[in-house]
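*Asks:* File query.pdb below, PDB, C-alpha atoms:
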```pdb
ATOM      1  CA  MET F 207     180.654 -17.919 120.798  1.00  0.00           C
ATOM      2  CA  THR F 208     182.373 -20.719 122.648  1.00  0.00           C
ATOM      3  CA  GLN F 209     182.102 -24.388 121.983  1.00  0.00           C
ATOM      4  CA  ALA F 210     181.866 -26.941 124.764  1.00  0.00           C
ATOM      5  CA  LYS F 211     183.982 -30.099 124.408  1.00  0.00           C
ATOM      6  CA  VAL F 212     181.145 -32.598 124.422  1.00  0.00           C
ATOM      7  CA  LYS F 213     179.577 -34.451 121.469  1.00  0.00           C
ATOM      8  CA  PHE F 214     176.077 -35.937 121.176  1.00  0.00           C
ATOM      9  CA  THR F 215     174.763 -38.530 118.750  1.00  0.00           C
ATOM     10  CA  THR F 216     171.085 -37.856 119.556  1.00  0.00           C
ATOM     11  CA  PHE F 217     169.005 -34.953 120.782  1.00  0.00           C
ATOM     12  CA  GLU F 218     167.908 -37.093 123.736  1.00  0.00           C
ATOM     13  CA  GLU F 219     171.577 -37.379 124.821  1.00  0.00           C
ATOM     14  CA  TYR F 220     171.815 -33.592 124.764  1.00  0.00           C
ATOM     15  CA  LEU F 221     168.617 -33.264 126.836  1.00  0.00           C
ATOM     16  CA  SER F 222     169.906 -35.752 129.435  1.00  0.00           C
ATOM     17  CA  TYR F 223     173.290 -34.050 129.572  1.00  0.00           C
ATOM     18  CA  SER F 224     171.879 -30.535 129.898  1.00  0.00           C
ATOM     19  CA  ASP F 225     169.404 -31.686 132.570  1.00  0.00           C
ATOM     20  CA  ALA F 226     172.235 -33.228 134.621  1.00  0.00           C
ATOM     21  CA  THR F 227     174.935 -30.613 133.971  1.00  0.00           C
ATOM     22  CA  PRO F 228     174.464 -26.999 135.044  1.00  0.00           C
ATOM     23  CA  MET F 229     174.872 -24.863 131.932  1.00  0.00           C
ATOM     24  CA  GLU F 230     174.799 -21.093 131.890  1.00  0.00           C
ATOM     25  CA  GLY F 231     173.533 -19.488 128.722  1.00  0.00           C
ATOM     26  CA  ARG F 232     171.796 -20.968 125.712  1.00  0.00           C
ATOM     27  CA  TYR F 233     173.320 -23.532 123.378  1.00  0.00           C
ATOM     28  CA  GLU F 234     172.421 -24.835 119.956  1.00  0.00           C
ATOM     29  CA  VAL F 235     173.360 -28.394 119.067  1.00  0.00           C
ATOM     30  CA  ILE F 236     175.122 -28.343 115.683  1.00  0.00           C
ATOM     31  CA  ASP F 237     176.634 -31.547 114.307  1.00  0.00           C
ATOM     32  CA  GLY F 238     176.453 -33.013 117.825  1.00  0.00           C
ATOM     33  CA  ALA F 239     178.440 -30.193 119.448  1.00  0.00           C
ATOM     34  CA  LEU F 240     177.236 -27.475 121.811  1.00  0.00           C
ATOM     35  CA  ILE F 241     177.583 -23.981 120.370  1.00  0.00           C
ATOM     36  CA  GLU F 242     176.897 -21.138 122.814  1.00  0.00           C
ATOM     37  CA  LEU F 243     174.566 -18.429 121.558  1.00  0.00           C
ATOM     38  CA  PRO F 244     175.438 -14.786 122.189  1.00  0.00           C
ATOM     39  CA  PRO F 245     173.136 -12.784 124.474  1.00  0.00           C
ATOM     40  CA  GLU F 246     170.116 -11.216 122.805  1.00  0.00           C
ATOM     41  CA  SER F 247     170.349  -7.564 121.895  1.00  0.00           C
ATOM     42  CA  ARG F 248     168.286  -5.060 123.849  1.00  0.00           C
ATOM     43  CA  LEU F 249     166.270  -4.258 120.710  1.00  0.00           C
ATOM     44  CA  ASN F 250     165.411  -7.917 120.040  1.00  0.00           C
ATOM     45  CA  SER F 251     164.276  -8.346 123.639  1.00  0.00           C
ATOM     46  CA  THR F 252     162.250  -5.126 123.581  1.00  0.00           C
ATOM     47  CA  ILE F 253     160.428  -6.119 120.393  1.00  0.00           C
ATOM     48  CA  ALA F 254     159.585  -9.545 121.876  1.00  0.00           C
ATOM     49  CA  VAL F 255     158.217  -7.913 125.046  1.00  0.00           C
ATOM     50  CA  ARG F 256     156.078  -5.502 122.996  1.00  0.00           C
ATOM     51  CA  ILE F 257     154.531  -8.471 121.168  1.00  0.00           C
ATOM     52  CA  LEU F 258     153.989 -10.236 124.504  1.00  0.00           C
ATOM     53  CA  LEU F 259     152.127  -7.192 125.835  1.00  0.00           C
ATOM     54  CA  ALA F 260     149.949  -7.002 122.695  1.00  0.00           C
ATOM     55  CA  LEU F 261     149.079 -10.699 123.016  1.00  0.00           C
ATOM     56  CA  LEU F 262     148.165 -10.225 126.678  1.00  0.00           C
ATOM     57  CA  THR F 263     145.713  -7.446 125.746  1.00  0.00           C
ATOM     58  CA  VAL F 264     143.746  -9.895 123.544  1.00  0.00           C
ATOM     59  CA  GLY F 265     143.533 -12.481 126.306  1.00  0.00           C
ATOM     60  CA  ILE F 266     146.396 -14.858 125.567  1.00  0.00           C
ATOM     61  CA  PRO F 267     147.496 -16.211 128.981  1.00  0.00           C
ATOM     62  CA  VAL F 268     150.962 -15.068 130.026  1.00  0.00           C
ATOM     63  CA  GLU F 269     152.094 -18.645 130.742  1.00  0.00           C
ATOM     64  CA  LEU F 270     151.726 -19.418 127.012  1.00  0.00           C
ATOM     65  CA  ILE F 271     153.994 -16.572 125.824  1.00  0.00           C
ATOM     66  CA  HIS F 272     157.745 -17.037 126.108  1.00  0.00           C
ATOM     67  CA  PRO F 273     160.201 -14.410 124.875  1.00  0.00           C
ATOM     68  CA  GLY F 274     163.687 -15.808 124.266  1.00  0.00           C
ATOM     69  CA  LYS F 275     163.690 -18.715 126.718  1.00  0.00           C
ATOM     70  CA  CYS F 276     161.720 -21.495 125.020  1.00  0.00           C
ATOM     71  CA  GLU F 277     163.843 -24.104 123.270  1.00  0.00           C
ATOM     72  CA  VAL F 278     162.374 -25.745 120.170  1.00  0.00           C
ATOM     73  CA  GLN F 279     163.776 -28.965 118.723  1.00  0.00           C
ATOM     74  CA  VAL F 280     163.851 -28.828 114.930  1.00  0.00           C
ATOM     75  CA  PRO F 281     164.864 -31.377 112.314  1.00  0.00           C
ATOM     76  CA  VAL F 282     168.356 -31.213 110.878  1.00  0.00           C
ATOM     77  CA  LEU F 283     167.563 -30.805 107.184  1.00  0.00           C
ATOM     78  CA  GLN F 284     171.114 -30.232 105.943  1.00  0.00           C
ATOM     79  CA  PRO F 285     174.647 -30.412 107.364  1.00  0.00           C
ATOM     80  CA  GLY F 286     175.382 -27.560 109.745  1.00  0.00           C
ATOM     81  CA  ASP F 287     171.740 -27.043 110.765  1.00  0.00           C
ATOM     82  CA  ALA F 288     171.097 -26.626 114.476  1.00  0.00           C
ATOM     83  CA  ALA F 289     168.947 -29.346 116.068  1.00  0.00           C
ATOM     84  CA  ASN F 290     167.343 -26.769 118.365  1.00  0.00           C
ATOM     85  CA  ARG F 291     166.404 -23.101 118.250  1.00  0.00           C
ATOM     86  CA  PHE F 292     165.695 -20.394 120.825  1.00  0.00           C
ATOM     87  CA  PRO F 293     163.212 -18.081 119.035  1.00  0.00           C
ATOM     88  CA  ASP F 294     162.811 -14.487 120.153  1.00  0.00           C
ATOM     89  CA  LEU F 295     159.186 -15.273 121.037  1.00  0.00           C
ATOM     90  CA  VAL F 296     157.144 -18.486 121.174  1.00  0.00           C
ATOM     91  CA  VAL F 297     153.412 -18.814 121.811  1.00  0.00           C
ATOM     92  CA  LEU F 298     152.580 -22.240 123.185  1.00  0.00           C
ATOM     93  CA  ARG F 299     149.357 -24.233 123.020  1.00  0.00           C
ATOM     94  CA  PRO F 300     147.493 -24.994 126.284  1.00  0.00           C
ATOM     95  CA  GLU F 301     148.562 -28.668 126.083  1.00  0.00           C
ATOM     96  CA  HIS F 302     152.210 -27.564 126.241  1.00  0.00           C
ATOM     97  CA  LEU F 303     151.756 -26.421 129.850  1.00  0.00           C
ATOM     98  CA  GLU F 304     151.751 -30.007 131.082  1.00  0.00           C
ATOM     99  CA  LEU F 305     154.371 -31.165 128.575  1.00  0.00           C
ATOM    100  CA  THR F 306     156.877 -28.470 129.592  1.00  0.00           C
ATOM    101  CA  GLN F 307     156.530 -28.554 133.379  1.00  0.00           C
ATOM    102  CA  ARG F 308     160.017 -29.991 133.876  1.00  0.00           C
ATOM    103  CA  ARG F 309     161.763 -28.165 131.038  1.00  0.00           C
ATOM    104  CA  LEU F 310     160.723 -25.384 128.615  1.00  0.00           C
ATOM    105  CA  THR F 311     161.711 -27.428 125.562  1.00  0.00           C
ATOM    106  CA  LEU F 312     159.369 -28.443 122.758  1.00  0.00           C
ATOM    107  CA  THR F 313     160.513 -31.702 121.181  1.00  0.00           C
ATOM    108  CA  LEU F 314     159.603 -33.165 117.814  1.00  0.00           C
ATOM    109  CA  ASP F 315     157.086 -35.543 119.403  1.00  0.00           C
ATOM    110  CA  MET F 316     155.058 -32.606 120.785  1.00  0.00           C
ATOM    111  CA  PRO F 317     152.567 -30.448 118.876  1.00  0.00           C
ATOM    112  CA  PRO F 318     154.175 -27.344 117.348  1.00  0.00           C
ATOM    113  CA  PRO F 319     153.669 -23.977 119.048  1.00  0.00           C
ATOM    114  CA  ARG F 320     151.072 -21.588 117.597  1.00  0.00           C
ATOM    115  CA  LEU F 321     153.508 -18.836 116.666  1.00  0.00           C
ATOM    116  CA  ILE F 322     157.244 -18.253 116.489  1.00  0.00           C
ATOM    117  CA  VAL F 323     158.711 -14.776 116.058  1.00  0.00           C
ATOM    118  CA  GLU F 324     162.319 -14.194 115.045  1.00  0.00           C
ATOM    119  CA  VAL F 325     163.917 -10.735 115.132  1.00  0.00           C
ATOM    120  CA  VAL F 326     166.550 -10.757 112.397  1.00  0.00           C
ATOM    121  CA  SER F 327     170.021  -9.713 113.467  1.00  0.00           C
ATOM    122  CA  PRO F 328     172.235  -7.794 111.005  1.00  0.00           C
ATOM    123  CA  GLY F 329     174.453  -9.671 108.565  1.00  0.00           C
ATOM    124  CA  LYS F 330     173.982 -12.124 105.695  1.00  0.00           C
ATOM    125  CA  THR F 331     174.598 -15.210 107.861  1.00  0.00           C
ATOM    126  CA  ASN F 332     171.892 -14.152 110.341  1.00  0.00           C
ATOM    127  CA  ARG F 333     169.445 -13.255 107.549  1.00  0.00           C
ATOM    128  CA  ASP F 334     169.984 -16.585 105.782  1.00  0.00           C
ATOM    129  CA  ARG F 335     169.538 -18.476 109.061  1.00  0.00           C
ATOM    130  CA  ASP F 336     166.191 -16.773 109.799  1.00  0.00           C
ATOM    131  CA  TYR F 337     164.796 -16.417 106.270  1.00  0.00           C
ATOM    132  CA  ILE F 338     165.915 -19.770 104.822  1.00  0.00           C
ATOM    133  CA  TYR F 339     167.114 -22.406 107.305  1.00  0.00           C
ATOM    134  CA  LYS F 340     164.771 -21.715 110.223  1.00  0.00           C
ATOM    135  CA  ARG F 341     161.891 -21.209 107.809  1.00  0.00           C
ATOM    136  CA  ASP F 342     162.387 -24.716 106.396  1.00  0.00           C
ATOM    137  CA  GLN F 343     162.874 -26.250 109.845  1.00  0.00           C
ATOM    138  CA  TYR F 344     159.759 -24.560 111.264  1.00  0.00           C
ATOM    139  CA  ALA F 345     157.669 -25.645 108.269  1.00  0.00           C
ATOM    140  CA  ASP F 346     158.883 -29.214 108.802  1.00  0.00           C
ATOM    141  CA  ILE F 347     157.591 -29.278 112.414  1.00  0.00           C
ATOM    142  CA  GLY F 348     154.209 -27.947 111.256  1.00  0.00           C
ATOM    143  CA  LEU F 349     154.458 -24.483 112.842  1.00  0.00           C
ATOM    144  CA  PRO F 350     151.308 -22.704 111.585  1.00  0.00           C
ATOM    145  CA  GLU F 351     152.595 -19.123 111.740  1.00  0.00           C
ATOM    146  CA  TYR F 352     156.065 -17.575 111.584  1.00  0.00           C
ATOM    147  CA  TRP F 353     156.968 -13.871 111.780  1.00  0.00           C
ATOM    148  CA  LEU F 354     160.298 -12.391 110.697  1.00  0.00           C
ATOM    149  CA  ILE F 355     160.929  -8.928 112.092  1.00  0.00           C
ATOM    150  CA  ASP F 356     163.603  -6.848 110.394  1.00  0.00           C
ATOM    151  CA  PRO F 357     164.649  -3.946 112.650  1.00  0.00           C
ATOM    152  CA  VAL F 358     166.835  -2.368 109.950  1.00  0.00           C
ATOM    153  CA  ALA F 359     164.039  -2.171 107.338  1.00  0.00           C
ATOM    154  CA  GLN F 360     161.405  -1.891 110.108  1.00  0.00           C
ATOM    155  CA  THR F 361     159.261  -4.559 108.466  1.00  0.00           C
ATOM    156  CA  VAL F 362     157.417  -7.686 109.537  1.00  0.00           C
ATOM    157  CA  THR F 363     157.102 -10.649 107.186  1.00  0.00           C
ATOM    158  CA  VAL F 364     154.177 -12.910 108.090  1.00  0.00           C
ATOM    159  CA  LEU F 365     154.230 -16.527 106.919  1.00  0.00           C
ATOM    160  CA  SER F 366     151.333 -18.978 107.158  1.00  0.00           C
ATOM    161  CA  LEU F 367     151.796 -22.725 106.703  1.00  0.00           C
ATOM    162  CA  GLN F 368     149.942 -24.065 103.683  1.00  0.00           C
ATOM    163  CA  GLY F 369     150.490 -27.800 103.341  1.00  0.00           C
ATOM    164  CA  ASN F 370     154.205 -28.383 103.879  1.00  0.00           C
ATOM    165  CA  ALA F 371     155.459 -24.900 102.971  1.00  0.00           C
ATOM    166  CA  TYR F 372     154.901 -21.312 104.019  1.00  0.00           C
ATOM    167  CA  ARG F 373     152.834 -18.846 102.065  1.00  0.00           C
ATOM    168  CA  GLU F 374     153.867 -15.242 102.578  1.00  0.00           C
ATOM    169  CA  LEU F 375     150.911 -13.165 103.722  1.00  0.00           C
ATOM    170  CA  GLY F 376     152.980 -10.061 103.082  1.00  0.00           C
ATOM    171  CA  VAL F 377     155.748  -7.787 104.235  1.00  0.00           C
ATOM    172  CA  PHE F 378     154.302  -5.042 106.409  1.00  0.00           C
ATOM    173  CA  SER F 379     155.711  -1.695 107.544  1.00  0.00           C
ATOM    174  CA  GLN F 380     154.841   1.597 109.287  1.00  0.00           C
ATOM    175  CA  GLN F 381     151.173   1.891 110.276  1.00  0.00           C
ATOM    176  CA  LYS F 382     150.179  -1.388 108.619  1.00  0.00           C
ATOM    177  CA  ALA F 383     148.506  -3.881 110.927  1.00  0.00           C
ATOM    178  CA  ILE F 384     150.248  -7.234 111.279  1.00  0.00           C
ATOM    179  CA  PRO F 385     147.732  -9.859 110.122  1.00  0.00           C
ATOM    180  CA  SER F 386     147.712 -13.067 112.133  1.00  0.00           C
ATOM    181  CA  VAL F 387     145.918 -16.254 111.177  1.00  0.00           C
ATOM    182  CA  GLU F 388     146.407 -17.699 114.667  1.00  0.00           C
ATOM    183  CA  PHE F 389     145.448 -14.494 116.509  1.00  0.00           C
ATOM    184  CA  ALA F 390     142.891 -12.741 114.308  1.00  0.00           C
ATOM    185  CA  GLU F 391     141.854 -10.517 117.224  1.00  0.00           C
ATOM    186  CA  LEU F 392     145.379  -9.068 117.524  1.00  0.00           C
ATOM    187  CA  GLU F 393     145.598  -5.395 116.592  1.00  0.00           C
ATOM    188  CA  LEU F 394     149.266  -4.549 116.317  1.00  0.00           C
ATOM    189  CA  ALA F 395     150.831  -2.112 113.844  1.00  0.00           C
ATOM    190  CA  VAL F 396     154.437  -2.552 112.753  1.00  0.00           C
ATOM    191  CA  GLU F 397     155.415   0.900 114.053  1.00  0.00           C
ATOM    192  CA  GLN F 398     154.387  -0.182 117.585  1.00  0.00           C
ATOM    193  CA  LEU F 399     157.273  -2.661 117.607  1.00  0.00           C
ATOM    194  CA  PHE F 400     159.934  -0.031 116.959  1.00  0.00           C
TER     195      PHE F 400
END
```
Would it be possible to restate this file's structure as structure tokens?

*Replies:*
Amino acid sequence: MTQAKVKFTTFEEYLSYSDATPMEGRYEVIDGALIELPPESRLNSTIAVRILLALLTVGIPVELIHPGKCEVQVPVLQPGDAANRFPDLVVLRPEHLELTQRRLTLTLDMPPPRLIVEVVSPGKTNRDRDYIYKRDQYADIGLPEYWLIDPVAQTVTVLSLQGNAYRELGVFSQQKAIPSVEFAELELAVEQLF
């Protein structure tokens, strides 16, 4: 990952800069600096597309489903936290369509998306980021449902927001259906993702 030589004091400064300056790739803002994210793996992208296709079959409009390209502003809860995330899949609310016409970024003053899915990359740092730091950040923005997909264990952990914290609905594998509070009509077994 490369680091650009620019520093921001607010997220709004970053948004203005990135709107005015052509930037290739995706960047997280960490401690005011731009940190380039590596490209997604083929497996992560494939899993996100499989979920997209399943959501389409139950009538979720395609313009509400964004694999890998939707930026979500999150609160910095501790030093070193990113101020923005690029989840593997985001399902927007209909009101987001107007709010994101200019830029596919959800800011803290917008309603949270309905669902965020993260495909966990190998390594302790990646696992901690998805299972601990992002979990806390997503709970803080009021995200109602969060899935963590572990390709190594071939499991899906489903979290549902209860008050200010997530309650784990379970860790699912093989032929088990993935239960969704937001999309009760969804019929998707874990094995279909892999």

*Asks:* Would you mind listing what lies within 7 Å of Leu354 in chain F as a list of chain:residue names, with all atoms listed in the file counted and same-chain residues fewer than 5 positions away left out?

*Replies:*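 Final neighbour list, sorted by chain and number: F:Val323, F:Glu324, F:Val325, F:Val326, F:Val362, F:Thr363, F:Val364.
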
*Asks:* List the residues matched by the PyMOL selection byres ((chain F and resi 250-262) around 6) in the displayed structure as a PyMOL selection string, ordered by chain and then by residue number.

*Replies:* chain F and resi 247-249+263-266+273+295+325+399

*Asks:* What is the CA of Glu234 in chain F to CA of Pro267 in chain F distance in Å?

*Replies:*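 For CA of Glu234 in chain F relative to CA of Pro267 in chain F, the distance reads 27.9 Å.
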
*Asks:* Take the point (165.1, -4.1, 108.8) as written in the file and pick out every residue within 10 Å of it, counting all atoms listed in the file; give the list as a ChimeraX atom specification.

*Replies:* /F:325-328,354-362,379

*Asks:* Go ahead and compute the interatomic distance for CA of Asn290 in chain F and CA of Ile236 in chain F, in Å to one decimal.

*Replies:*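 So the answer is 8.4 Å.
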
*Asks:* Measure the distance from CA of Met229 in chain F to CA of Phe217 in chain F in Å and round it to one decimal.

*Replies:*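 Separation of CA of Met229 in chain F and CA of Phe217 in chain F: 16.1 Å.
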
*Asks:* Measuring between all atoms listed in the file, which one of F:Ile347, F:Ala383, F:Leu221, F:Leu321 shows the shortest distance to Arg308 in chain F?

*Replies:*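 Looking only at the distances to Arg308 in chain F, the closest residue turns out to be F:Leu221.
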
*Asks:* Expand the PyMOL selection byres ((chain F and resi 280) around 10) into the explicit residue set it covers here, and present it as a PyMOL selection string.

*Replies:* chain F and resi 217+277-279+281-283+287-291+312-314+340+342-347

*Asks:* For Ser224 in chain F, list every protein, DNA or RNA residue within 12 Å, evaluated using all atoms listed in the file, and leave out those in the same chain fewer than 6 positions away; present the list as a list in words.

*Replies:* Ala210, Val212, Phe214, Phe217, Glu218, Glu230, Gly231, Arg232, Tyr233, Glu234, Val235, Leu240, Arg309 and Thr311 of chain F

*Asks:* Just write the chosen residues, C-alpha atoms, as a PDB file, in the coordinates of the input.

*Replies:*
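After the write, again17.pdb holds the following:
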```pdb
ATOM      1  CA  ALA F 210     181.866 -26.941 124.764  1.00  0.00           C
ATOM      2  CA  VAL F 212     181.145 -32.598 124.422  1.00  0.00           C
ATOM      3  CA  PHE F 214     176.077 -35.937 121.176  1.00  0.00           C
ATOM      4  CA  PHE F 217     169.005 -34.953 120.782  1.00  0.00           C
ATOM      5  CA  GLU F 218     167.908 -37.093 123.736  1.00  0.00           C
ATOM      6  CA  GLU F 230     174.799 -21.093 131.890  1.00  0.00           C
ATOM      7  CA  GLY F 231     173.533 -19.488 128.722  1.00  0.00           C
ATOM      8  CA  ARG F 232     171.796 -20.968 125.712  1.00  0.00           C
ATOM      9  CA  TYR F 233     173.320 -23.532 123.378  1.00  0.00           C
ATOM     10  CA  GLU F 234     172.421 -24.835 119.956  1.00  0.00           C
ATOM     11  CA  VAL F 235     173.360 -28.394 119.067  1.00  0.00           C
ATOM     12  CA  LEU F 240     177.236 -27.475 121.811  1.00  0.00           C
ATOM     13  CA  ARG F 309     161.763 -28.165 131.038  1.00  0.00           C
ATOM     14  CA  THR F 311     161.711 -27.428 125.562  1.00  0.00           C
TER      15      THR F 311
END
```

*Asks:* Taking the file as I've supplied it (selection: the PyMOL selection byres ((chain F and resi 389) around 10)), which residues are included? Please answer as a list in words.

*Replies:*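 Given this file, the PyMOL selection byres ((chain F and resi 389) around 10) evaluates to Leu261, Val264, Ile266, Arg320, Leu321, Glu351, Pro385, Ser386, Val387, Glu388, Ala390, Glu391, Leu392 and Glu393 of chain F.
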
*Asks:* For Leu298 in chain F, which residue among F:Glu374, F:Tyr337, F:Met316, F:Pro245 is the nearest when counting all atoms listed in the file?

*Replies:*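 That would be F:Met316, the residue with the smallest distance to Leu298 in chain F.
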
*Asks:* Determine the nearest neighbour of Gly238 in chain F from the options F:Arg333, F:Gly286, F:Lys382, F:Val296, counting all atoms listed in the file.

*Replies:*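 Under the stated criterion, the closest residue is F:Gly286.
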
*Asks:* Using only C-alpha atoms, which of the listed residues (F:Asp294, F:Asn332, F:Lys211, F:Ala395) sits closest to Glu242 in chain F?

*Replies:*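 The closest residue to Glu242 in chain F is F:Lys211.
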
*Asks:* Do you know which residues are at most 12 Å from Pro300 in chain F counting only C-alpha atoms, after dropping those on the same chain fewer than 4 positions away, and could you put them as a PyMOL selection string?

*Replies:* chain F and resi 266-271+304-306+317-320

*Asks:* For range 324-342 of chain F, I'd like the enclosing box, axis-aligned and padded by 4 Å on every side, reported as JSON with centre and edge lengths in Å to one decimal.

*Replies:*
```
{"center_x": 168.2, "center_y": -16.3, "center_z": 110.0, "size_x": 20.7, "size_y": 24.9, "size_z": 18.3}
```

*Asks:* Which is closest to Gly348 in chain F among F:Tyr223, F:Tyr372, F:Phe292, F:Phe400, if we use all atoms listed in the file?

*Replies:* F:Tyr372

*Asks:* Would you mind telling me which residue in F:Pro228, F:Gly369, F:Gly376, F:Pro285 lies nearest to Trp353 in chain F when using all atoms listed in the file?

*Replies:*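 Closest to Trp353 in chain F of all the choices is F:Gly376.
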